[in-house]
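Engineer: Dropping in protein30.txt, with compact mmCIF, C-alpha atoms.
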```
# COMPACT_ATOMS: atom_id res chain seq x y z
CA MET A 725 19.48 -53.86 -18.58
CA GLU A 726 16.13 -54.14 -16.87
CA ARG A 727 15.53 -51.50 -14.25
CA LYS A 728 13.13 -51.82 -11.35
CA ALA A 729 10.11 -49.51 -11.68
CA ILE A 730 9.80 -46.66 -9.22
CA SER A 731 7.14 -47.08 -6.54
CA SER A 732 8.20 -44.52 -3.88
CA ASP A 733 10.63 -41.72 -3.10
CA ARG A 734 12.89 -44.27 -1.41
CA SER A 735 13.15 -46.44 -4.53
CA ILE A 736 14.45 -43.45 -6.53
CA SER A 737 17.76 -43.43 -4.61
CA SER A 738 18.74 -46.80 -6.07
CA HIS A 739 18.96 -45.31 -9.58
CA LYS A 740 22.45 -43.88 -9.99
CA PRO A 741 23.81 -41.74 -12.86
CA GLU A 742 25.56 -43.50 -15.73
CA ASP A 743 27.51 -42.45 -18.78
CA LYS A 744 24.31 -41.85 -20.69
CA LYS A 745 20.89 -40.66 -19.58
CA TYR A 746 18.24 -43.33 -19.09
CA PHE A 747 14.55 -43.60 -18.27
CA VAL A 748 12.94 -45.49 -15.41
CA ALA A 749 9.22 -46.34 -15.49
CA VAL A 750 6.90 -45.50 -12.59
CA LYS A 751 4.88 -48.48 -11.31
CA ASN A 752 1.16 -48.34 -12.13
CA HIS A 753 1.65 -45.01 -13.95
CA PRO A 754 2.09 -45.67 -17.69
CA LYS A 755 3.66 -42.80 -19.65
CA LEU A 756 5.33 -41.41 -16.49
CA PHE A 757 9.11 -41.82 -16.25
CA LEU A 758 12.07 -40.58 -14.26
CA MET A 759 14.97 -39.48 -16.48
CA VAL A 760 18.40 -39.86 -14.86
CA ARG A 761 21.22 -37.81 -16.39
CA PRO A 762 24.99 -38.34 -16.06
CA THR A 763 25.08 -35.03 -14.16
CA GLU A 764 23.00 -36.72 -11.38
CA THR A 765 19.98 -34.58 -12.27
CA LYS A 766 16.72 -36.57 -12.11
CA SER A 767 13.65 -35.22 -13.92
CA TRP A 768 10.05 -36.39 -14.22
CA MET A 769 8.87 -36.86 -17.82
CA TYR A 770 5.48 -37.64 -19.32
CA ARG A 771 5.69 -39.38 -22.74
CA TYR A 772 2.45 -39.72 -24.69
CA TYR A 773 0.79 -39.64 -28.10
CA PRO A 774 -1.28 -36.45 -28.67
CA PRO A 775 -4.96 -36.94 -29.70
CA SER A 776 -4.45 -35.66 -33.25
CA ASN A 777 -0.77 -36.48 -33.85
CA PRO A 778 0.77 -39.95 -34.39
CA LYS A 779 4.19 -38.66 -33.29
CA GLN A 780 5.08 -39.17 -29.64
CA SER A 781 5.38 -36.03 -27.50
CA ILE A 782 7.11 -35.45 -24.16
CA ILE A 783 6.46 -33.02 -21.30
CA SER A 784 8.88 -32.22 -18.50
CA ILE A 785 7.06 -32.17 -15.15
CA GLY A 786 9.99 -30.96 -13.07
CA ILE A 787 13.20 -31.92 -11.27
CA TYR A 788 13.32 -34.34 -8.37
CA PRO A 789 13.24 -33.74 -5.39
CA SER A 790 11.66 -30.29 -5.98
CA ILE A 791 8.82 -32.27 -7.53
CA SER A 792 8.24 -35.24 -5.25
CA TYR A 793 7.10 -38.70 -6.28
CA ALA A 794 3.59 -38.00 -4.94
CA ARG A 795 3.33 -34.68 -6.80
CA ALA A 796 4.54 -36.26 -10.06
CA CYS A 797 1.77 -38.85 -9.73
CA GLU A 798 -0.80 -36.07 -9.21
CA VAL A 799 0.31 -34.35 -12.42
CA TRP A 800 0.19 -37.70 -14.23
CA ARG A 801 -3.46 -38.07 -13.21
CA GLU A 802 -4.23 -34.55 -14.49
CA TYR A 803 -2.61 -35.32 -17.85
CA GLU A 804 -4.35 -38.67 -18.15
CA ASP A 805 -7.67 -36.97 -17.51
CA LEU A 806 -6.98 -34.42 -20.24
CA LEU A 807 -6.07 -37.15 -22.73
CA SER A 808 -9.29 -38.98 -21.94
CA LYS A 809 -11.07 -35.83 -23.09
CA SER A 810 -8.95 -35.60 -26.26
CA ILE A 811 -7.07 -32.57 -24.89
CA ASP A 812 -3.34 -32.34 -25.51
CA PRO A 813 -1.71 -31.73 -22.06
CA LYS A 814 1.17 -29.74 -23.58
CA ILE A 815 -1.15 -27.36 -25.46
CA HIS A 816 -3.36 -27.05 -22.39
CA ARG A 817 -0.37 -26.15 -20.22
CA GLU A 818 0.81 -23.50 -22.71
CA ASP A 819 -2.68 -21.99 -22.93
CA THR A 820 -2.94 -21.86 -19.13
CA LYS A 821 0.44 -20.14 -18.91
CA LYS A 822 -0.54 -17.57 -21.54
CA LEU A 823 -3.79 -16.85 -19.69
CA PHE A 824 -1.92 -16.35 -16.40
CA ILE A 825 0.59 -14.00 -18.05
CA SER A 826 -2.21 -12.13 -19.77
CA LYS A 827 -4.08 -11.65 -16.50
CA THR A 828 -0.90 -10.56 -14.73
CA LYS A 829 -0.14 -7.96 -17.38
CA ASN A 830 -3.76 -6.78 -17.40
CA SER A 831 -4.09 -6.67 -13.61
CA PHE A 832 -4.81 -3.51 -11.64
CA ASN A 833 -1.47 -4.04 -9.94
CA HIS A 834 0.38 -3.91 -13.28
CA PHE A 835 -1.20 -0.61 -14.38
CA ALA A 836 -1.02 0.91 -10.89
CA TRP A 837 2.77 0.68 -10.75
CA GLU A 838 3.23 1.49 -14.41
CA TYR A 839 1.24 4.68 -13.76
CA PHE A 840 3.21 5.39 -10.58
CA ALA A 841 6.45 5.18 -12.58
CA THR A 842 5.23 8.14 -14.66
CA LEU A 843 4.71 10.17 -11.47
CA GLU A 844 8.24 9.53 -10.26
CA GLN A 845 9.57 11.63 -13.14
CA THR A 846 7.74 14.81 -12.13
CA GLN A 847 6.50 14.79 -8.54
CA LYS A 848 8.31 15.46 -5.28
CA GLY A 849 9.30 13.01 -2.57
CA ASN A 850 6.56 13.59 0.01
CA THR A 851 3.81 13.54 -2.59
CA LEU A 852 5.18 10.31 -4.03
CA ILE A 853 5.36 8.70 -0.61
CA ARG A 854 1.70 9.51 0.10
CA LYS A 855 0.53 8.32 -3.32
CA LYS A 856 2.60 5.15 -3.07
CA GLY A 857 0.95 4.35 0.26
CA ARG A 858 -2.53 4.82 -1.24
CA LEU A 859 -1.67 2.63 -4.22
CA GLU A 860 -0.29 -0.10 -1.95
CA LEU A 861 -3.52 -0.01 0.05
CA ILE A 862 -5.74 -0.25 -3.04
CA CYS A 863 -3.57 -3.02 -4.53
CA SER A 864 -3.87 -5.06 -1.33
CA TYR A 865 -7.57 -5.38 -2.23
CA ILE A 866 -7.72 -5.58 -6.04
CA GLY A 867 -4.10 -5.71 -7.22
CA ASN A 868 -4.36 -9.21 -8.73
CA GLU A 869 -7.74 -8.66 -10.40
CA PRO A 870 -7.90 -7.98 -14.16
CA ILE A 871 -8.51 -4.25 -14.46
CA SER A 872 -11.23 -4.71 -17.08
CA GLU A 873 -13.24 -6.90 -14.68
CA ILE A 874 -13.30 -4.48 -11.73
CA ASP A 875 -16.74 -2.85 -11.55
CA SER A 876 -18.36 -0.14 -9.42
CA PRO A 877 -19.85 -2.48 -6.78
CA ARG A 878 -16.38 -3.98 -6.24
CA MET A 879 -14.79 -0.53 -5.89
CA LEU A 880 -17.55 0.56 -3.49
CA GLU A 881 -16.90 -2.54 -1.36
CA VAL A 882 -13.16 -1.76 -1.26
CA LEU A 883 -13.50 1.95 -0.52
CA LEU A 884 -16.16 1.49 2.15
CA ASP A 885 -13.86 -0.95 3.90
CA ILE A 886 -10.98 1.56 3.72
CA GLN A 887 -13.30 4.26 5.03
CA ALA A 888 -14.44 2.10 7.95
CA LYS A 889 -10.81 1.50 8.93
CA SER A 890 -9.73 5.17 8.54
CA LEU A 891 -11.38 7.13 11.34
CA ASN A 892 -10.10 10.12 13.27
CA LYS A 893 -9.96 10.31 17.07
CA ASP A 894 -13.62 11.37 17.12
CA GLY A 895 -14.63 8.22 15.25
CA LYS A 896 -15.47 10.07 12.05
CA PRO A 897 -14.09 9.16 8.59
CA THR A 898 -10.99 10.89 7.30
CA ASP A 899 -10.37 11.62 3.62
CA LYS A 900 -8.26 8.48 3.08
CA ALA A 901 -11.00 6.63 1.15
CA GLU A 902 -11.62 9.70 -1.04
CA ARG A 903 -7.92 10.03 -1.83
CA CYS A 904 -7.65 6.32 -2.58
CA ALA A 905 -10.62 6.69 -4.91
CA GLY A 906 -8.82 9.58 -6.60
CA ILE A 907 -5.62 7.70 -7.37
CA ALA A 908 -7.53 4.55 -8.33
CA SER A 909 -9.47 6.71 -10.79
CA ASP A 910 -6.16 7.95 -12.25
CA VAL A 911 -5.06 4.32 -12.77
CA PHE A 912 -8.31 3.43 -14.57
CA VAL A 913 -7.91 6.48 -16.80
CA TYR A 914 -4.31 5.47 -17.55
CA ALA A 915 -5.32 1.89 -18.45
CA GLY A 916 -8.41 3.05 -20.35
CA ALA A 917 -6.35 5.35 -22.55
CA ARG A 918 -4.33 2.28 -23.54
CA GLY A 919 -7.40 0.20 -24.35
CA PHE A 920 -7.35 -2.16 -21.37
CA CYS A 921 -10.60 -1.06 -19.70
CA SER A 922 -13.70 0.77 -20.89
CA SER A 923 -14.95 2.37 -17.67
CA ASN A 924 -13.73 4.16 -14.57
CA PRO A 925 -15.60 2.60 -11.63
CA ALA A 926 -13.68 4.63 -9.05
CA ALA A 927 -15.03 7.91 -10.46
CA LEU A 928 -18.60 6.84 -9.68
CA ILE A 929 -17.91 5.97 -6.06
CA LYS A 930 -16.71 9.23 -4.49
CA SER A 931 -20.24 10.57 -4.03
CA GLN A 932 -21.18 7.39 -2.16
CA LEU A 933 -18.54 7.85 0.53
CA ALA A 934 -19.25 9.58 3.83
CA LYS A 935 -18.16 13.19 4.05
CA SER A 936 -14.66 13.27 5.44
CA SER A 937 -14.04 14.96 8.76
CA TYR A 938 -10.77 16.69 9.49
CA GLY A 939 -11.56 17.31 13.14
CA HIS A 940 -10.34 20.51 14.79
CA ARG A 941 -8.50 22.93 12.49
CA PRO A 942 -5.92 24.63 14.72
CA ALA A 943 -5.70 28.42 14.48
CA VAL A 944 -4.22 31.29 16.47
CA THR A 945 -6.94 33.77 17.47
CA LYS A 946 -5.11 36.22 19.76
CA PRO A 947 -3.38 39.34 18.32
CA LYS A 948 -0.17 38.60 20.24
CA ASP A 949 0.05 35.05 18.82
CA LEU A 950 -0.82 36.28 15.34
CA ALA A 951 1.98 38.89 15.52
CA LYS A 952 4.51 36.14 16.29
CA LEU A 953 3.15 33.93 13.48
CA LEU A 954 3.48 36.78 10.95
CA ARG A 955 7.08 37.41 12.02
CA ASP A 956 7.89 33.70 11.82
CA ILE A 957 6.53 33.52 8.26
CA GLU A 958 8.97 36.25 7.23
CA THR A 959 11.90 34.01 8.28
CA ILE A 960 11.13 31.40 5.59
CA GLU A 961 13.85 31.01 2.99
CA GLY A 962 13.84 29.31 -0.41
CA ASP A 963 10.98 29.09 -2.90
CA PRO A 964 9.17 32.48 -3.02
CA ASN A 965 5.96 30.59 -3.89
CA THR A 966 5.82 29.33 -0.32
CA ILE A 967 6.30 32.56 1.62
CA ASN A 968 4.08 34.56 -0.75
CA SER A 969 1.28 32.00 -0.52
CA LEU A 970 1.39 32.18 3.29
CA ARG A 971 1.45 35.99 3.20
CA LEU A 972 -1.64 36.03 0.98
CA LEU A 973 -3.44 33.42 3.10
CA ALA A 974 -3.01 35.75 6.06
CA LEU A 975 -4.12 38.84 4.10
CA LEU A 976 -7.04 37.35 2.15
CA PHE A 977 -8.03 34.37 4.38
CA VAL A 978 -9.41 32.42 1.41
CA ARG A 979 -9.20 28.63 1.24
CA ASN A 980 -5.77 27.25 0.44
CA GLY A 981 -7.15 25.32 -2.55
CA ASP A 982 -8.57 28.49 -4.10
CA LEU A 983 -5.36 30.45 -3.52
CA ARG A 984 -3.19 27.72 -5.06
CA ARG A 985 -5.40 27.82 -8.18
CA MET A 986 -5.31 31.61 -8.51
CA ARG A 987 -4.97 32.57 -12.21
CA TRP A 988 -3.58 35.77 -13.65
CA ALA A 989 -6.65 35.99 -15.91
CA ASP A 990 -8.89 36.35 -12.83
CA LEU A 991 -6.91 39.25 -11.35
CA ASP A 992 -7.31 42.97 -11.94
CA LEU A 993 -4.35 44.41 -10.05
CA GLY A 994 -5.14 47.96 -11.16
CA ALA A 995 -8.61 47.84 -9.64
CA GLY A 996 -7.49 45.59 -6.76
CA ARG A 997 -9.94 42.77 -7.48
CA TRP A 998 -9.75 38.98 -7.69
CA GLN A 999 -12.77 37.27 -9.23
CA LEU A 1000 -13.05 33.49 -8.76
CA LYS A 1001 -15.32 30.48 -8.48
CA PRO A 1002 -14.52 28.90 -5.09
CA LEU A 1003 -14.02 25.15 -5.27
CA LYS A 1004 -16.37 24.54 -2.35
CA GLY A 1005 -19.00 26.80 -3.90
CA GLN A 1006 -19.68 24.31 -6.66
CA GLY A 1007 -22.53 22.20 -5.27
CA LYS A 1008 -22.45 23.54 -1.67
CA VAL A 1009 -25.64 25.36 -0.66
CA ASN A 1010 -23.99 27.60 1.95
CA MET A 1011 -21.02 28.64 -0.22
CA VAL A 1012 -21.07 31.30 -2.93
CA LYS A 1013 -20.60 30.10 -6.50
CA ASP A 1014 -18.94 33.33 -7.60
CA MET A 1015 -16.82 35.57 -5.44
CA VAL A 1016 -14.94 38.85 -5.64
CA VAL A 1017 -12.08 39.41 -3.23
CA PRO A 1018 -10.99 43.06 -2.79
CA LEU A 1019 -7.18 43.20 -2.79
CA PRO A 1020 -5.45 45.51 -0.30
CA ARG A 1021 -2.29 47.30 -1.41
CA GLN A 1022 -0.09 44.77 0.38
CA ALA A 1023 -1.66 41.89 -1.56
CA VAL A 1024 -1.20 43.71 -4.87
CA ASN A 1025 2.49 44.23 -4.07
CA ILE A 1026 2.95 40.53 -3.34
CA LEU A 1027 1.20 39.60 -6.57
CA CYS A 1028 3.45 41.96 -8.50
CA GLU A 1029 6.42 40.06 -7.02
CA GLN A 1030 4.84 36.79 -8.13
CA HIS A 1031 4.28 38.17 -11.63
CA LYS A 1032 8.03 38.61 -12.03
CA ILE A 1033 8.42 34.90 -11.26
CA ASN A 1034 5.35 33.28 -12.83
CA GLY A 1035 3.84 35.98 -15.04
CA HIS A 1036 4.58 33.91 -18.14
CA THR A 1037 2.36 31.06 -16.89
CA GLU A 1038 -1.38 30.64 -16.34
CA TYR A 1039 -1.14 30.28 -12.58
CA VAL A 1040 0.16 32.68 -9.95
CA PHE A 1041 1.63 29.78 -7.98
CA PHE A 1042 2.92 27.76 -10.91
CA SER A 1043 5.31 24.93 -10.00
CA GLN A 1044 7.66 23.38 -12.55
CA THR A 1045 7.85 20.11 -10.59
CA ALA A 1046 4.11 19.61 -10.07
CA LYS A 1047 2.41 17.40 -12.65
CA LYS A 1048 -1.21 17.82 -11.60
CA HIS A 1049 -2.50 21.32 -12.52
CA GLN A 1050 1.12 22.60 -12.49
CA ILE A 1051 0.63 24.42 -9.17
CA ILE A 1052 2.15 24.16 -5.70
CA SER A 1053 1.02 21.24 -3.56
CA ASP A 1054 -1.83 21.52 -1.07
CA ALA A 1055 0.66 20.37 1.57
CA THR A 1056 3.20 23.13 0.91
CA ALA A 1057 1.75 25.74 3.29
CA ASN A 1058 1.01 23.27 6.08
CA LYS A 1059 4.46 21.71 5.87
CA ARG A 1060 6.14 25.10 6.26
CA LEU A 1061 3.90 25.98 9.21
CA LYS A 1062 4.88 22.69 10.87
CA ASP A 1063 8.54 23.43 10.17
CA LEU A 1064 8.04 26.77 11.96
CA GLY A 1065 6.75 24.93 15.04
CA TYR A 1066 3.00 25.40 14.51
CA LYS A 1067 1.94 21.76 14.41
CA ASP A 1068 -1.43 21.49 16.22
CA ILE A 1069 -1.27 25.29 16.78
CA HIS A 1070 -2.05 26.77 13.37
CA CYS A 1071 -2.68 25.41 9.85
CA ALA A 1072 -3.28 26.92 6.40
CA HIS A 1073 -7.05 26.70 6.82
CA GLY A 1074 -6.66 28.33 10.23
CA PHE A 1075 -6.11 31.78 8.70
CA ARG A 1076 -9.87 31.86 8.07
CA ALA A 1077 -10.71 31.30 11.74
CA THR A 1078 -8.01 33.81 12.72
CA ALA A 1079 -9.46 36.54 10.52
CA LYS A 1080 -13.08 35.84 11.45
CA THR A 1081 -12.33 35.93 15.17
CA ILE A 1082 -10.14 39.04 15.23
CA LEU A 1083 -12.18 41.03 12.69
CA GLN A 1084 -15.29 40.56 14.85
CA GLU A 1085 -13.84 40.55 18.37
CA GLN A 1086 -11.02 43.08 18.03
CA LEU A 1087 -11.85 45.25 15.03
CA LYS A 1088 -15.64 45.02 15.49
CA TYR A 1089 -16.57 44.51 11.84
CA PRO A 1090 -20.16 43.33 11.26
CA LEU A 1091 -20.74 39.62 10.70
CA VAL A 1092 -22.22 40.12 7.23
CA LEU A 1093 -19.00 41.66 5.88
CA VAL A 1094 -16.81 38.99 7.46
CA GLU A 1095 -19.01 36.17 6.13
CA MET A 1096 -18.93 37.64 2.62
CA ALA A 1097 -15.15 37.83 2.83
CA LEU A 1098 -15.10 34.14 3.80
CA GLY A 1099 -17.19 33.21 0.75
CA HIS A 1100 -20.27 32.18 2.76
CA THR A 1101 -23.77 32.97 1.53
CA THR A 1102 -25.36 35.84 3.45
CA LYS A 1103 -28.87 37.31 3.53
CA ASP A 1104 -30.53 40.43 4.87
CA PRO A 1105 -33.48 40.17 7.32
CA ASN A 1106 -35.90 39.99 4.39
CA GLY A 1107 -34.16 36.90 3.01
CA THR A 1108 -32.53 38.63 0.05
CA ALA A 1109 -29.14 37.07 -0.75
CA TYR A 1110 -26.25 39.43 -1.30
CA GLY A 1111 -24.50 39.30 -4.67
CA ARG A 1112 -20.78 39.16 -5.25
CA PHE A 1113 -20.45 42.94 -5.71
CA GLU A 1114 -22.66 43.91 -2.76
CA TYR A 1115 -20.92 46.05 -0.14
CA ILE A 1116 -17.78 45.98 -2.26
CA ASP A 1117 -16.62 49.40 -0.97
CA ASP A 1118 -17.19 48.41 2.65
CA ARG A 1119 -15.44 45.10 2.09
CA SER A 1120 -12.53 46.85 0.35
CA ASP A 1121 -12.17 49.15 3.34
CA MET A 1122 -12.27 46.18 5.72
CA MET A 1123 -9.64 44.24 3.76
CA GLN A 1124 -7.31 47.27 3.67
CA LYS A 1125 -7.77 47.89 7.40
CA TRP A 1126 -7.07 44.18 8.03
CA ALA A 1127 -3.87 44.33 5.95
CA ASP A 1128 -2.71 47.50 7.78
CA TYR A 1129 -3.53 45.85 11.11
CA LEU A 1130 -1.41 42.79 10.18
CA ASP A 1131 1.50 45.09 9.26
CA ALA A 1132 1.23 46.83 12.62
CA LEU A 1133 1.13 43.51 14.51
CA ARG A 1134 4.08 42.07 12.60
CA ASP A 1135 6.19 45.21 13.06
CA GLY A 1136 5.32 45.53 16.74
CA LYS A 1137 3.61 48.92 16.30
CA ASP A 1138 0.85 50.39 18.47
CA THR A 1139 -2.65 49.32 17.37
CA ALA A 1140 -4.50 51.97 19.40
CA ASP A 1141 -5.87 53.65 16.26
CA PHE A 1142 -7.36 50.35 15.10
CA ARG A 1143 -9.00 49.86 18.50
CA ALA A 1144 -10.44 53.35 18.36
CA ASP A 1145 -11.91 52.69 14.92
CA ALA A 1146 -13.32 49.44 16.27
CA GLN A 1147 -15.08 51.25 19.11
CA THR A 1148 -16.60 53.62 16.58
CA ARG A 1149 -17.92 50.70 14.56
CA ALA A 1150 -19.29 49.07 17.73
CA ASN A 1151 -21.10 52.25 18.91
CA PRO A 1152 -24.13 53.26 16.78
CA THR A 1153 -24.07 56.83 18.14
CA ALA A 1154 -20.39 57.15 17.34
CA GLN A 1155 -21.04 55.72 13.88
CA LEU A 1156 -23.72 58.30 13.22
CA GLN A 1157 -21.49 61.16 14.39
CA ALA A 1158 -18.65 59.90 12.18
CA LEU A 1159 -21.07 59.84 9.23
CA ILE A 1160 -22.21 63.41 10.00
CA ASP A 1161 -18.60 64.57 10.20
CA GLN A 1162 -17.94 62.95 6.83
CA LEU A 1163 -21.08 63.88 4.84
CA GLY A 1164 -22.67 66.73 6.74
CA GLU A 1165 -25.85 66.78 8.80
CA ASP A 1166 -28.20 67.66 5.92
CA LYS A 1167 -26.97 64.79 3.75
CA VAL A 1168 -27.31 62.29 6.60
CA LEU A 1169 -30.88 63.43 7.30
CA GLU A 1170 -31.68 63.07 3.62
CA LEU A 1171 -30.33 59.51 3.64
CA LEU A 1172 -32.29 58.57 6.76
CA GLN A 1173 -35.51 59.94 5.30
CA ALA A 1174 -34.95 58.00 2.08
CA LYS A 1175 -34.45 54.79 4.10
CA SER A 1176 -37.69 55.34 6.02
```
Render the structure in this file as structure tokens.
Structural biologist:
Amino acid sequence: MERKAISSDRSISSHKPEDKKYFVAVKNHPKLFLMVRPTETKSWMYRYYPPSNPKQSIISIGIYPSISYARACEVWREYEDLLSKSIDPKIHREDTKKLFISKTKNSFNHFAWEYFATLEQTQKGNTLIRKKGRLELICSYIGNEPISEIDSPRMLEVLLDIQAKSLNKDGKPTDKAERCAGIASDVFVYAGARGFCSSNPAALIKSQLAKSSYGHRPAVTKPKDLAKLLRDIETIEGDPNTINSLRLLALLFVRNGDLRRMRWADLDLGAGRWQLKPLKGQGKVNMVKDMVVPLPRQAVNILCEQHKINGHTEYVFFSQTAKKHQIISDATANKRLKDLGYKDIHCAHGFRATAKTILQEQLKYPLVLVEMALGHTTKDPNGTAYGRFEYIDDRSDMMQKWADYLDALRDGKDTADFRADAQTRANPTAQLQALIDQLGEDKVLELLQAKS
């Protein structure tokens, strides 16, 4: 039975299913046919002789009407062009498919979410949510690109764009680009360890980003407000890591990042000393590279409590659920402060401003001692920089007085004695008299003569 060749979508409807499948030619398109099955399914087929094989081959182009008449003709032209170049269309199609699959499996997107799956096993909900958001942002730029082909200029382009779109209310860059660079770097390391890329372009970019600006760091600076904050901290229930970290931030006013990384090996609880290398001191000209923090009795007691919990680990604030460094999250302290109602009132970093303000304004301690306690570089009038053990006795006394003052504030006790001591420190004549009372007039004169 001779069947009329297909010349349009409309002509296809005249070909009805029969007991057996049959083929209908397409007008002016040799090798292209429409196969009609008894099930009423109609499929486009391309029947041809491969360049190096005398046996006829067949390729399915797709089912009608998903593949229209016009689209089937386009594919026919592509296959005819390949044959004219002695390329087998079937082999070419398989090679193209393999390449696509290969690129998909080797894409940044593939390794990003494979890496993220490893984090889901160990990290907490809020951390995962933040990291997922950063990965989604990075993947919106380079997710479909083969990870081995992403270079440093491409990463710089991406991160600069993220930085330009992530500004605070003052128009200055936040740390979003830096954090995106951090997790992108983790993905490159993950893929590199498995042999899919040989470099980590994200690691080279961080230094090229603008310094992030956090804007105003809220802090309470009045004794009355500090007293309430200290009492509120004592109401925290649950993980002792949290309340003890906040207690120590108030007592020692170090940076939260340094406190979270506190190691037992760096502590001498008997002598009341903590020796560390502040994170911000590495490469910062106005920050000390090595620091000794005198520990008041209250801090030692808290650390003894922590030793009962985490003494078997390297870190004072060890966390079983944290994968990176195995310590509590940098968000832990701030989250608890927000839960206590201190959002935009006080943050973990704010304890530094609190201590600096009250130690100078209320307790009248000299700036040099306060700056040394904060880990800032300090110099005498002759330009000589103070070392980490300079004024250690004076600093120890200051830290103990600060801890006692915090106890008095928290417990609602009278701080008149502290104010009296402050007046003595603020009055040179009173200071001299106090020194005479302590050492004797002859000894003080001897010291003054030696100084002159």
Engineer: Taking into account all atoms listed in the file, which residue in the set A:Asn777, A:Thr1148, A:Ser864, A:Thr1101 is nearest to A:Asn833?
Structural biologist: A:Ser864
Engineer: What gap, in Å, lies between atom CA of A:Tyr1089 and atom CA of A:Pro1020?
Structural biologist: 16.5 Å
Engineer: Separation of atom CA of A:Pro741 and atom CA of A:Glu764, in Å?
Structural biologist: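 Here the two named atoms are 5.3 Å from each other.
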Engineer: Pick the closest to A:Arg858 from A:Ser922, A:Gln1050, A:Ser872, A:Ser909: which is it, counting only C-alpha atoms?
Structural biologist: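 Closest candidate: A:Ser909.
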Engineer: Could you give me, as a tab-separated table (two decimals) with C-alpha atoms, keeping the file's coordinate frame, the residues within 7 Å of A:Lys930, counting all atoms listed in the file and dropping anything in the same chain fewer than 2 positions from it?
Structural biologist:
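selection_17.tsv, written as the output of this step:
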```tsv
chain	number	residue	atom	x	y	z
A	902	GLU	CA	-11.62	9.70	-1.04
A	905	ALA	CA	-10.62	6.69	-4.91
A	927	ALA	CA	-15.03	7.91	-10.46
A	928	LEU	CA	-18.60	6.84	-9.68
A	932	GLN	CA	-21.18	7.39	-2.16
A	933	LEU	CA	-18.54	7.85	0.53
```
Engineer: What does the distance from atom CA of A:Pro942 to atom CA of A:Asp1131 come to in Å, to one decimal?
Structural biologist: 22.4 Å
Engineer: Step by step: start from the point (-10.3, 37.3, -7.1) in the file's coordinates, keep every protein, DNA or RNA residue that has an atom no farther than 10 Å from it, count all atoms listed in the file, and write the set as a ChimeraX atom specification.
Structural biologist: /A:976,978,982-983,986-993,996-1002,1014-1019
Engineer: Do a neighbour search on A:Leu883 at 10 Å with all atoms listed in the file, toss out local chain neighbours closer than 5 positions, and write the hits as a PDB file with C-alpha atoms, in the frame of the given file.
Structural biologist:
```pdb
ATOM      1  CA  ILE A 862      -5.740  -0.250  -3.040  1.00  0.00           C
ATOM      2  CA  TYR A 865      -7.570  -5.380  -2.230  1.00  0.00           C
ATOM      3  CA  PRO A 877     -19.850  -2.480  -6.780  1.00  0.00           C
ATOM      4  CA  ARG A 878     -16.380  -3.980  -6.240  1.00  0.00           C
ATOM      5  CA  ALA A 888     -14.440   2.100   7.950  1.00  0.00           C
ATOM      6  CA  LYS A 889     -10.810   1.500   8.930  1.00  0.00           C
ATOM      7  CA  LYS A 900      -8.260   8.480   3.080  1.00  0.00           C
ATOM      8  CA  ALA A 901     -11.000   6.630   1.150  1.00  0.00           C
ATOM      9  CA  GLU A 902     -11.620   9.700  -1.040  1.00  0.00           C
ATOM     10  CA  ARG A 903      -7.920  10.030  -1.830  1.00  0.00           C
ATOM     11  CA  CYS A 904      -7.650   6.320  -2.580  1.00  0.00           C
ATOM     12  CA  ALA A 905     -10.620   6.690  -4.910  1.00  0.00           C
ATOM     13  CA  ALA A 926     -13.680   4.630  -9.050  1.00  0.00           C
ATOM     14  CA  ILE A 929     -17.910   5.970  -6.060  1.00  0.00           C
ATOM     15  CA  LYS A 930     -16.710   9.230  -4.490  1.00  0.00           C
ATOM     16  CA  GLN A 932     -21.180   7.390  -2.160  1.00  0.00           C
ATOM     17  CA  LEU A 933     -18.540   7.850   0.530  1.00  0.00           C
TER      18      LEU A 933
END
```
Engineer: Using only C-alpha atoms, which protein or nucleic acid residues come within 9 Å of stretch 1030-1034 of chain A? Drop anything in the same chain fewer than 4 positions from it, and give the result as a ChimeraX atom specification.
Structural biologist: /A:964-965,968,988,1025-1026,1038-1043
Engineer: Pick the closest to A:Arg854 from A:Phe840, A:Asp819, A:Ser923, A:Leu954: which is it, counting only C-alpha atoms?
Structural biologist: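 Result for the nearest residue to A:Arg854: A:Phe840.
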Engineer: Which residue gives the smallest distance to A:Asp743 among A:Val760, A:Ala794, A:Leu972, A:Val882, with all atoms listed in the file counted?
Structural biologist: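 Using all atoms listed in the file, A:Asp743 sits closest to A:Val760.
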Engineer: Please, which residues are within 9 Å of (-11.7, 32.3, 21.1) by the file's coordinates, counting only C-alpha atoms, and could they come as number ranges by chain?
Structural biologist: A: 944-946, 1081, 1085
Engineer: Using all atoms listed in the file, find the one residue out of A:Gln1147, A:Ser738, A:Gln887, A:Ser831 that sits nearest to A:Ile866.
Structural biologist: A:Ser831
Engineer: From the list A:Lys1004, A:Lys766, A:Lys952, A:Arg979, which residue is nearest A:Cys1071 when using only C-alpha atoms?
Structural biologist: A:Arg979
Engineer: For A:Glu844, list every protein, DNA or RNA residue within 12 Å, evaluated using only C-alpha atoms, and leave out those in the same chain fewer than 6 positions away; present the list as a count of residues only.
Structural biologist: 11
Engineer: Set up a box along x, y and z of the file covering all listed atoms of stretch 1073-1083 of chain A, add 3 Å on every one of the six sides, and write the centre and edge lengths in Å to one decimal, as JSON.
Structural biologist:
```
{"center_x": -9.6, "center_y": 33.9, "center_z": 11.0, "size_x": 13.0, "size_y": 20.3, "size_z": 14.4}
```
